Amino acid sequence: MAEQLAERGDGAVLVSGGLPVALVTGTSSGFGLLTVLTLARRGYRVVAAMRDLERRHELEQRAAREGTAERIRCVRLDVTEHASIGPAVDEIVRRYGRLDMLVNNAGMAVGGFVEEVPMEDWRRQMETNLFGVIAVTRAVLPVMRAQRRGLVVNVSSVSGLAGFPGYAPYAASKFAIEGFSVQGLGNTF
């Protein structure tokens, strides 16, 4: 029996045979934390990935207040530790039997002018903001292809469209995400 996806009027996505499953990276604060809460409210099971599980408490407390805590599972995942990403995705599929959405949100900002930023910081910026996105996306695509559906959302920035003075490494990483998203993933499915 083919599973059916439908969207209710409140934005919730319904999947016959169970709740849809989303993996969100960079969830200990900011957009990632808010994305997890929003998806859980809309009926998703959400795997909230973060580098430091000690920072999960705000997310857990807010989810408990909203009544969505049972839909959220916090896991440790550092997008720069590429060898750990595949096993983490495999565990999600083992636990839930599916993976419907990836939100690549993990990121950081290195500021500075081109000549002032050490090469080590340029590499660290690209490792997190670009290569982390690519690594997690590469791990989920085989699952989504096998399911014949999936959604990948790469969180970028206005800095990926127009750079600002003093943020050369950050802007370069976000421009790269824009290129990867449009050219690299544009024709994936």
# chains A, B, ... in the order shown; residues from 1 in each chain; ligands from 1
>>> residues_around(residues="Arg73 in chain A", least_positions_apart="5", cutoff="9 Å", atoms="only C-alpha atoms", output="ChimeraX atom specification")
/A:45-49
>>> write_last_selection(atoms="C-alpha atoms", output="PDB file, in the first residue's frame")
ATOM      1  CA  ARG A  45       8.609  13.321  15.127  1.00  0.00           C
ATOM      2  CA  VAL A  46      11.775  15.403  15.328  1.00  0.00           C
ATOM      3  CA  VAL A  47      15.334  14.278  15.887  1.00  0.00           C
ATOM      4  CA  ALA A  48      17.022  17.366  17.329  1.00  0.00           C
ATOM      5  CA  ALA A  49      20.755  17.131  16.650  1.00  0.00           C
TER       6      ALA A  49
END
>>> select_by_dssp(residues="range 15-188 of chain A", states="alpha helix (DSSP H)", output="count of residues only")
70
>>> closest_atom_pairs(of="range 99-124 of chain A", to="range 25-28 of chain A", cutoff="9 Å", atoms="only C-alpha atoms", output="tab-separated table")
residue	atom	partner	partner_atom	distance
A:Leu102	CA	A:Thr25	CA	8.2
A:Val103	CA	A:Thr25	CA	6.4
A:Asn104	CA	A:Thr25	CA	5.5
A:Asn105	CA	A:Thr25	CA	5.2
A:Ala106	CA	A:Gly26	CA	3.8
A:Gly107	CA	A:Gly26	CA	6.9
>>> write_last_selection(atoms="C-alpha atoms", output="PDB file, in the first residue's frame")
ATOM      1  CA  LEU A 102      16.300  17.189   6.763  1.00  0.00           C
ATOM      2  CA  VAL A 103      16.809  20.738   7.987  1.00  0.00           C
ATOM      3  CA  ASN A 104      20.501  21.634   7.740  1.00  0.00           C
ATOM      4  CA  ASN A 105      20.620  24.440  10.271  1.00  0.00           C
ATOM      5  CA  ALA A 106      23.939  23.934  12.090  1.00  0.00           C
ATOM      6  CA  GLY A 107      26.252  26.835  11.473  1.00  0.00           C
TER       7      GLY A 107
END
>>> select_by_dssp(residues="chain A", states="strand (DSSP E or B)", output="ChimeraX atom specification")
/A:5-7,13-15,21-25,45-50,72-76,101-104,112,151-154,167
>>> write_last_selection(atoms="C-alpha atoms", output="compact mmCIF listing (two decimals), in the first residue's frame")
# COMPACT_ATOMS: atom_id res chain seq x y z
CA LEU A 5 1.15 12.56 2.30
CA ALA A 6 -1.39 15.30 2.91
CA GLU A 7 -1.20 18.77 4.40
CA VAL A 13 1.86 17.04 7.20
CA LEU A 14 0.10 13.73 7.58
CA VAL A 15 1.65 10.47 6.43
CA VAL A 21 10.13 12.23 10.74
CA ALA A 22 12.47 15.22 10.51
CA LEU A 23 16.16 15.56 11.35
CA VAL A 24 17.19 19.09 12.31
CA THR A 25 20.83 20.04 12.96
CA ARG A 45 8.61 13.32 15.13
CA VAL A 46 11.77 15.40 15.33
CA VAL A 47 15.33 14.28 15.89
CA ALA A 48 17.02 17.37 17.33
CA ALA A 49 20.76 17.13 16.65
CA MET A 50 23.27 19.23 18.55
CA ILE A 72 11.24 15.21 20.14
CA ARG A 73 14.41 13.17 20.61
CA CYS A 74 17.67 15.02 21.26
CA VAL A 75 20.83 13.39 19.90
CA ARG A 76 24.46 14.37 19.84
CA MET A 101 12.81 15.88 6.11
CA LEU A 102 16.30 17.19 6.76
CA VAL A 103 16.81 20.74 7.99
CA ASN A 104 20.50 21.63 7.74
CA GLY A 112 36.91 39.44 9.79
CA LEU A 151 12.65 17.28 1.65
CA VAL A 152 16.04 18.89 2.30
CA VAL A 153 16.03 22.43 3.68
CA ASN A 154 19.39 24.21 3.85
CA TYR A 167 32.24 38.82 7.43
>>> residues_around(residues="range 82-91 of chain A", least_positions_apart="3", cutoff="7 Å", atoms="only C-alpha atoms", output="number ranges by chain")
A: 79, 94-95, 135-136, 139-140
>>> write_last_selection(atoms="C-alpha atoms", output="tab-separated table (two decimals), in the first residue's frame")
chain	number	residue	atom	x	y	z
A	79	VAL	CA	28.29	17.96	11.53
A	94	ARG	CA	16.03	1.91	12.48
A	95	ARG	CA	14.07	3.70	15.19
A	135	ALA	CA	27.96	15.46	4.67
A	136	VAL	CA	24.54	15.26	6.33
A	139	ALA	CA	23.88	10.59	4.37
A	140	VAL	CA	20.12	11.17	4.04
>>> atom_distance(atom1="CA of Met108 in chain A", atom2="CA of Glu58 in chain A")
19.5 Å
>>> closest_residue(among="A:Ile177, A:Met119, A:Leu53, A:Leu185", to="Arg138 in chain A", atoms="only C-alpha atoms")
A:Leu185
